[in-house]
Amino acid sequence: MATETPVTTQVSRHQPTNRPPVGFQITDVESCVLYDRHGVSFPFQSLYQEQKSIIIFVRHFLCYTCKEYVEDLSKISQAALRAAGVRMVIIGQSAPHHITPFCSLTGCPHEVYVDPDRHIYSRLGMRRGEIFTEPASVSPHVKSGTLMGSLKSMWRAMTGPAFDFQGDPLQQGGTLIVGPGPEVHFAHFDINRLDHMPIHWFLQLAGLQPLDFREHSKVIHI
C-alpha cells in the first residue's frame with residue numbers, strides 16, 4: 001500500500017497555488033469526530049472519502065470576520081457545487097446547538113458541523129493566537145471595521161441564550177481541499193482573523209467558476 005506523503009509547505013494567501021501546506025498527514029485526523037446540529041457524531045473522513053470537498057474551519061461562531069466570511073460563502077450556489085462534483089463544508093468549534101442559529105444568521109445553505117474539543121484543529125496544527133507580520137490586507141469578505149465588528153461580537157455574546165463566545169476566541173481556522181480519499185489538493189492555515197482564504201481563489205483551485213467579491217465589499221468604520 002502506498003504511503004501518504006506528508007504536507008510540508010505553507011501556502012500564502014497572497015499567492016494562490018495548488019501546493020498543500022504545513023507538516024501534517026490527513027490520515028492523522030480521519031477518525032476524529034464531528035457533530036451535526038442534532039448532536040449526531042460521525043468521522044471526519046466521511047466528508048471527503050467519496051468526493052472532493054472544500055472544508056472551511058472558522059474561528060468561532062461569534063467572530064464578526066467569520067460571520068461575514070460565511071455570508072459570502074453562502075453566495076456559492078449548491079447547483080454549481082453539484083455540477084462540479086464538489087462538497088462545501090464549514091466546521092466550527094462550538095457546541096452543536098449553536099449551528100442552527102449561526103446558519104439562520106448568515107443564511108448559510110452549506111453543511112455546517114462542529115469540533116467542540118478542537119481535536120481536528122489541534123492535530124492539523126492550526127494556530128491558537130494571532131500573528132500580524134505585515135499590514136493587514138483589505139479582505140473582500142469583511143465589511144466591518146475592527147472596533148465595530150468586535151462590538152457586534154460582544155453584543156451577540158451578551159444577548160444570546162448563553163453568555164459565551166461559541167468556541168475558543170484565540171483559535172484560528174483554515175481551508176482544505178481534500179478528496180476523493182486522502183489526497184490533499186490544497187491547504188491554508190490562517191495566522192489571524194483577517195487571513196482567511198479569498199473565496200474566488202479556492203473556488204478556482206477546486207475547479208469551480210470563481211466569484212469576484214472585490215467590487216461589492218465595503219468596509220464599515222466608526
# chains A, B, ... in the order shown; residues from 1 in each chain; ligands from 1

call {"tool": "residues_around", "arguments": {"residues": "Asp117 (chain A)", "least_positions_apart": "4", "cutoff": "9 Å", "atoms": "only C-alpha atoms", "output": "PDB file with all heavy atoms, in the first residue's frame"}}
result
ATOM      1  N   GLN A  93     -16.167  25.362  16.142  1.00  0.00           N
ATOM      2  CA  GLN A  93     -15.708  24.680  17.354  1.00  0.00           C
ATOM      3  C   GLN A  93     -16.629  24.952  18.538  1.00  0.00           C
ATOM      4  O   GLN A  93     -16.221  24.932  19.689  1.00  0.00           O
ATOM      5  CB  GLN A  93     -14.262  25.087  17.666  1.00  0.00           C
ATOM      6  CG  GLN A  93     -13.951  26.536  17.370  1.00  0.00           C
ATOM      7  CD  GLN A  93     -13.131  27.215  18.427  1.00  0.00           C
ATOM      8  OE1 GLN A  93     -12.898  26.710  19.510  1.00  0.00           O
ATOM      9  NE2 GLN A  93     -12.693  28.422  18.133  1.00  0.00           N
ATOM     10  N   SER A  94     -17.907  25.200  18.227  1.00  0.00           N
ATOM     11  CA  SER A  94     -18.889  25.444  19.282  1.00  0.00           C
ATOM     12  C   SER A  94     -19.577  24.147  19.679  1.00  0.00           C
ATOM     13  O   SER A  94     -19.253  23.070  19.176  1.00  0.00           O
ATOM     14  CB  SER A  94     -19.944  26.439  18.784  1.00  0.00           C
ATOM     15  OG  SER A  94     -20.827  25.791  17.886  1.00  0.00           O
ATOM     16  N   TYR A 121      -8.645  20.708  14.749  1.00  0.00           N
ATOM     17  CA  TYR A 121      -7.863  21.944  14.699  1.00  0.00           C
ATOM     18  C   TYR A 121      -6.451  21.701  15.241  1.00  0.00           C
ATOM     19  O   TYR A 121      -5.454  22.107  14.639  1.00  0.00           O
ATOM     20  CB  TYR A 121      -8.530  23.021  15.554  1.00  0.00           C
ATOM     21  CG  TYR A 121      -9.794  23.645  15.019  1.00  0.00           C
ATOM     22  CD1 TYR A 121     -11.033  23.016  15.161  1.00  0.00           C
ATOM     23  CD2 TYR A 121      -9.776  24.902  14.421  1.00  0.00           C
ATOM     24  CE1 TYR A 121     -12.201  23.601  14.703  1.00  0.00           C
ATOM     25  CE2 TYR A 121     -10.939  25.509  13.968  1.00  0.00           C
ATOM     26  CZ  TYR A 121     -12.153  24.853  14.107  1.00  0.00           C
ATOM     27  OH  TYR A 121     -13.303  25.449  13.658  1.00  0.00           O
TER      28      TYR A 121
END

call {"tool": "select_by_dssp", "arguments": {"residues": "region 25-141 of chain A", "states": "strand (DSSP E or B)", "output": "PyMOL selection string"}}
result
chain A and resi 33-35+41-43+52-57+86-92+111-114+128

call {"tool": "closest_residue", "arguments": {"among": "A:Arg118, A:His200, A:His97, A:His110", "to": "Val40 (chain A)", "atoms": "only C-alpha atoms"}}
result
A:His97

call {"tool": "closest_atom_pairs", "arguments": {"of": "region 34-58 of chain A", "to": "region 73-79 of chain A", "cutoff": "12 Å", "atoms": "only C-alpha atoms", "output": "CSV"}}
result
residue,atom,partner,partner_atom,distance
A:Ile54,CA,A:Leu73,CA,11.1
A:Ile55,CA,A:Leu73,CA,11.5
A:Ile56,CA,A:Leu73,CA,9.7
A:Val58,CA,A:Leu73,CA,11.7

call {"tool": "residues_around", "arguments": {"residues": "Thr175 (chain A)", "least_positions_apart": "6", "cutoff": "7 Å", "atoms": "only C-alpha atoms", "output": "PyMOL selection string"}}
result
chain A and resi 55-57+187-189+197

call {"tool": "write_last_selection", "arguments": {"atoms": "N, CA and C atoms", "output": "mmCIF file, in the first residue's frame"}}
result
data_model
loop_
_atom_site.group_PDB
_atom_site.id
_atom_site.type_symbol
_atom_site.label_atom_id
_atom_site.label_comp_id
_atom_site.auth_asym_id
_atom_site.auth_seq_id
_atom_site.Cartn_x
_atom_site.Cartn_y
_atom_site.Cartn_z
ATOM 1 N N ILE A 55 -13.269 22.294 2.645
ATOM 2 C CA ILE A 55 -13.581 22.277 4.076
ATOM 3 C C ILE A 55 -13.033 23.554 4.700
ATOM 4 N N ILE A 56 -13.937 24.373 5.225
ATOM 5 C CA ILE A 56 -13.585 25.660 5.825
ATOM 6 C C ILE A 56 -13.692 25.545 7.341
ATOM 7 N N PHE A 57 -12.596 25.781 8.046
ATOM 8 C CA PHE A 57 -12.595 25.840 9.505
ATOM 9 C C PHE A 57 -12.673 27.309 9.911
ATOM 10 N N ALA A 187 -4.163 23.461 1.009
ATOM 11 C CA ALA A 187 -4.483 23.808 2.388
ATOM 12 C C ALA A 187 -3.896 25.168 2.728
ATOM 13 N N HIS A 188 -4.607 25.894 3.518
ATOM 14 C CA HIS A 188 -4.155 27.197 4.007
ATOM 15 C C HIS A 188 -4.594 27.316 5.456
ATOM 16 N N PHE A 189 -3.659 27.640 6.359
ATOM 17 C CA PHE A 189 -3.979 27.826 7.770
ATOM 18 C C PHE A 189 -3.842 29.302 8.120
ATOM 19 N N MET A 197 -8.823 32.443 3.490
ATOM 20 C CA MET A 197 -8.530 32.285 2.066
ATOM 21 C C MET A 197 -9.587 32.991 1.223
#

call {"tool": "atom_distance", "arguments": {"atom1": "CA of Pro43 (chain A)", "atom2": "CA of Leu81 (chain A)"}}
result
22.2 Å

call {"tool": "residues_around", "arguments": {"residues": "Pro116 (chain A)", "least_positions_apart": "4", "cutoff": "10 Å", "atoms": "only C-alpha atoms", "output": "PyMOL selection string"}}
result
chain A and resi 33-35+91-96+120-121+166-168

call {"tool": "residues_around", "arguments": {"residues": "Lys67 (chain A)", "least_positions_apart": "3", "cutoff": "10 Å", "atoms": "only C-alpha atoms", "output": "list in words"}}
result
Val58, Arg59, His60, Phe61, Leu62, Cys63, Tyr64, Val70, Glu71, Asp72, Leu73, Phe102, Cys103, Leu105, Thr106, Cys108, His141, Val142, Gly149 and Ser153 of chain A

call {"tool": "closest_residue", "arguments": {"among": "A:Gly125, A:Gly107, A:Gly85, A:Pro210", "to": "Ser53 (chain A)", "atoms": "only C-alpha atoms"}}
result
A:Gly85

call {"tool": "select_by_dssp", "arguments": {"residues": "region 54-127 of chain A", "states": "alpha helix (DSSP H)", "output": "NGL selection string"}}
result
:A and (64-73 or 78-84 or 99-106 or 119-124)

call {"tool": "residues_around", "arguments": {"residues": "Glu130 (chain A)", "least_positions_apart": "3", "cutoff": "9 Å", "atoms": "only C-alpha atoms", "output": "PDB file with N, CA, C and O atoms, in the first residue's frame"}}
result
ATOM      1  N   ARG A 127      -3.307  27.349  14.159  1.00  0.00           N
ATOM      2  CA  ARG A 127      -2.762  28.254  15.165  1.00  0.00           C
ATOM      3  C   ARG A 127      -3.784  28.621  16.230  1.00  0.00           C
ATOM      4  O   ARG A 127      -4.961  28.813  15.939  1.00  0.00           O
ATOM      5  N   LEU A 170      -9.295  32.472  20.741  1.00  0.00           N
ATOM      6  CA  LEU A 170      -7.924  32.527  20.244  1.00  0.00           C
ATOM      7  C   LEU A 170      -7.662  31.571  19.079  1.00  0.00           C
ATOM      8  O   LEU A 170      -6.647  31.679  18.394  1.00  0.00           O
ATOM      9  N   GLN A 171      -8.590  30.633  18.857  1.00  0.00           N
ATOM     10  CA  GLN A 171      -8.376  29.624  17.826  1.00  0.00           C
ATOM     11  C   GLN A 171      -8.540  30.220  16.426  1.00  0.00           C
ATOM     12  O   GLN A 171      -9.512  30.906  16.147  1.00  0.00           O
ATOM     13  N   GLN A 172      -7.564  29.945  15.543  1.00  0.00           N
ATOM     14  CA  GLN A 172      -7.656  30.366  14.147  1.00  0.00           C
ATOM     15  C   GLN A 172      -8.150  29.199  13.294  1.00  0.00           C
ATOM     16  O   GLN A 172      -8.121  28.046  13.723  1.00  0.00           O
ATOM     17  N   ASP A 190      -4.913  29.880   8.649  1.00  0.00           N
ATOM     18  CA  ASP A 190      -4.934  31.305   8.974  1.00  0.00           C
ATOM     19  C   ASP A 190      -3.961  31.623  10.107  1.00  0.00           C
ATOM     20  O   ASP A 190      -3.816  30.841  11.050  1.00  0.00           O
ATOM     21  N   ILE A 191      -3.339  32.811  10.025  1.00  0.00           N
ATOM     22  CA  ILE A 191      -2.494  33.255  11.129  1.00  0.00           C
ATOM     23  C   ILE A 191      -3.163  34.360  11.948  1.00  0.00           C
ATOM     24  O   ILE A 191      -2.701  34.715  13.022  1.00  0.00           O
ATOM     25  N   ASN A 192      -4.277  34.899  11.435  1.00  0.00           N
ATOM     26  CA  ASN A 192      -5.056  35.877  12.197  1.00  0.00           C
ATOM     27  C   ASN A 192      -6.469  35.929  11.631  1.00  0.00           C
ATOM     28  O   ASN A 192      -6.786  35.252  10.651  1.00  0.00           O
ATOM     29  N   ARG A 193      -7.315  36.737  12.228  1.00  0.00           N
ATOM     30  CA  ARG A 193      -8.748  36.744  11.887  1.00  0.00           C
ATOM     31  C   ARG A 193      -9.023  37.240  10.466  1.00  0.00           C
ATOM     32  O   ARG A 193     -10.097  36.965   9.916  1.00  0.00           O
TER      33      ARG A 193
END

call {"tool": "residues_around", "arguments": {"residues": "Gln49 (chain A)", "least_positions_apart": "5", "cutoff": "8 Å", "atoms": "only C-alpha atoms", "output": "PyMOL selection string"}}
result
chain A and resi 179-182

call {"tool": "atom_distance", "arguments": {"atom1": "CA of Val86 (chain A)", "atom2": "CA of Ser46 (chain A)"}}
result
13.8 Å

call {"tool": "closest_residue", "arguments": {"among": "A:Val114, A:Cys32, A:Leu211, A:Leu47", "to": "Arg87 (chain A)", "atoms": "only C-alpha atoms"}}
result
A:Leu47

call {"tool": "decode", "arguments": {"residues": "region 44-119 of chain A", "atoms": "C-alpha atoms", "output": "mmCIF file, in the first residue's frame"}}
result
data_model
loop_
_atom_site.group_PDB
_atom_site.id
_atom_site.type_symbol
_atom_site.label_atom_id
_atom_site.label_comp_id
_atom_site.auth_asym_id
_atom_site.auth_seq_id
_atom_site.Cartn_x
_atom_site.Cartn_y
_atom_site.Cartn_z
ATOM 1 C CA PHE A 44 -14.106 13.488 9.740
ATOM 2 C CA GLN A 45 -13.026 11.129 6.958
ATOM 3 C CA SER A 46 -16.606 10.783 5.720
ATOM 4 C CA LEU A 47 -16.517 14.389 4.446
ATOM 5 C CA TYR A 48 -14.018 13.631 1.692
ATOM 6 C CA GLN A 49 -13.932 9.865 1.247
ATOM 7 C CA GLU A 50 -16.207 9.755 -1.813
ATOM 8 C CA GLN A 51 -15.706 13.160 -3.443
ATOM 9 C CA LYS A 52 -13.632 16.314 -3.491
ATOM 10 C CA SER A 53 -14.530 18.622 -0.588
ATOM 11 C CA ILE A 54 -13.795 22.233 0.272
ATOM 12 C CA ILE A 55 -13.581 22.277 4.076
ATOM 13 C CA ILE A 56 -13.585 25.660 5.825
ATOM 14 C CA PHE A 57 -12.595 25.840 9.505
ATOM 15 C CA VAL A 58 -13.841 29.059 11.134
ATOM 16 C CA ARG A 59 -12.533 30.678 14.309
ATOM 17 C CA HIS A 60 -15.772 30.728 16.316
ATOM 18 C CA PHE A 61 -19.408 31.453 15.570
ATOM 19 C CA LEU A 62 -19.425 34.865 17.274
ATOM 20 C CA CYS A 63 -16.383 36.136 15.361
ATOM 21 C CA TYR A 64 -17.524 39.015 13.137
ATOM 22 C CA THR A 65 -14.991 38.203 10.399
ATOM 23 C CA CYS A 66 -16.216 34.581 10.331
ATOM 24 C CA LYS A 67 -19.844 35.691 10.176
ATOM 25 C CA GLU A 68 -19.179 37.998 7.231
ATOM 26 C CA TYR A 69 -16.960 35.411 5.512
ATOM 27 C CA VAL A 70 -19.682 32.761 5.799
ATOM 28 C CA GLU A 71 -22.251 35.247 4.481
ATOM 29 C CA ASP A 72 -20.146 35.426 1.305
ATOM 30 C CA LEU A 73 -19.657 31.637 1.258
ATOM 31 C CA SER A 74 -23.450 31.434 1.229
ATOM 32 C CA LYS A 75 -23.445 33.069 -2.228
ATOM 33 C CA ILE A 76 -21.854 29.916 -3.723
ATOM 34 C CA SER A 77 -24.748 28.019 -5.275
ATOM 35 C CA GLN A 78 -25.500 24.414 -4.455
ATOM 36 C CA ALA A 79 -26.175 23.821 -8.163
ATOM 37 C CA ALA A 80 -22.644 24.924 -9.093
ATOM 38 C CA LEU A 81 -21.153 22.662 -6.421
ATOM 39 C CA ARG A 82 -23.203 19.664 -7.600
ATOM 40 C CA ALA A 83 -22.258 20.280 -11.217
ATOM 41 C CA ALA A 84 -18.568 20.289 -10.293
ATOM 42 C CA GLY A 85 -18.919 17.268 -8.004
ATOM 43 C CA VAL A 86 -17.589 19.282 -5.056
ATOM 44 C CA ARG A 87 -18.852 19.312 -1.483
ATOM 45 C CA MET A 88 -18.737 22.501 0.627
ATOM 46 C CA VAL A 89 -18.408 22.045 4.393
ATOM 47 C CA ILE A 90 -17.968 24.575 7.204
ATOM 48 C CA ILE A 91 -16.611 23.466 10.579
ATOM 49 C CA GLY A 92 -16.778 25.451 13.807
ATOM 50 C CA GLN A 93 -15.708 24.680 17.354
ATOM 51 C CA SER A 94 -18.889 25.444 19.282
ATOM 52 C CA ALA A 95 -21.455 23.133 20.815
ATOM 53 C CA PRO A 96 -23.849 21.535 18.282
ATOM 54 C CA HIS A 97 -26.849 23.608 19.381
ATOM 55 C CA HIS A 98 -25.165 26.779 18.061
ATOM 56 C CA ILE A 99 -25.182 25.544 14.452
ATOM 57 C CA THR A 100 -28.819 26.335 13.621
ATOM 58 C CA PRO A 101 -28.742 29.957 14.912
ATOM 59 C CA PHE A 102 -25.460 30.560 13.056
ATOM 60 C CA CYS A 103 -26.925 29.246 9.787
ATOM 61 C CA SER A 104 -30.020 31.395 10.254
ATOM 62 C CA LEU A 105 -27.874 34.474 10.960
ATOM 63 C CA THR A 106 -25.634 34.023 7.911
ATOM 64 C CA GLY A 107 -28.156 32.476 5.515
ATOM 65 C CA CYS A 108 -25.761 29.570 5.062
ATOM 66 C CA PRO A 109 -27.117 26.745 2.852
ATOM 67 C CA HIS A 110 -23.981 24.581 3.154
ATOM 68 C CA GLU A 111 -23.205 21.733 5.529
ATOM 69 C CA VAL A 112 -22.078 23.001 8.943
ATOM 70 C CA TYR A 113 -20.586 20.784 11.654
ATOM 71 C CA VAL A 114 -18.612 21.293 14.848
ATOM 72 C CA ASP A 115 -15.465 20.014 16.526
ATOM 73 C CA PRO A 116 -16.206 21.163 20.096
ATOM 74 C CA ASP A 117 -12.982 19.832 21.617
ATOM 75 C CA ARG A 118 -10.860 21.195 18.743
ATOM 76 C CA HIS A 119 -9.198 17.824 18.160
#
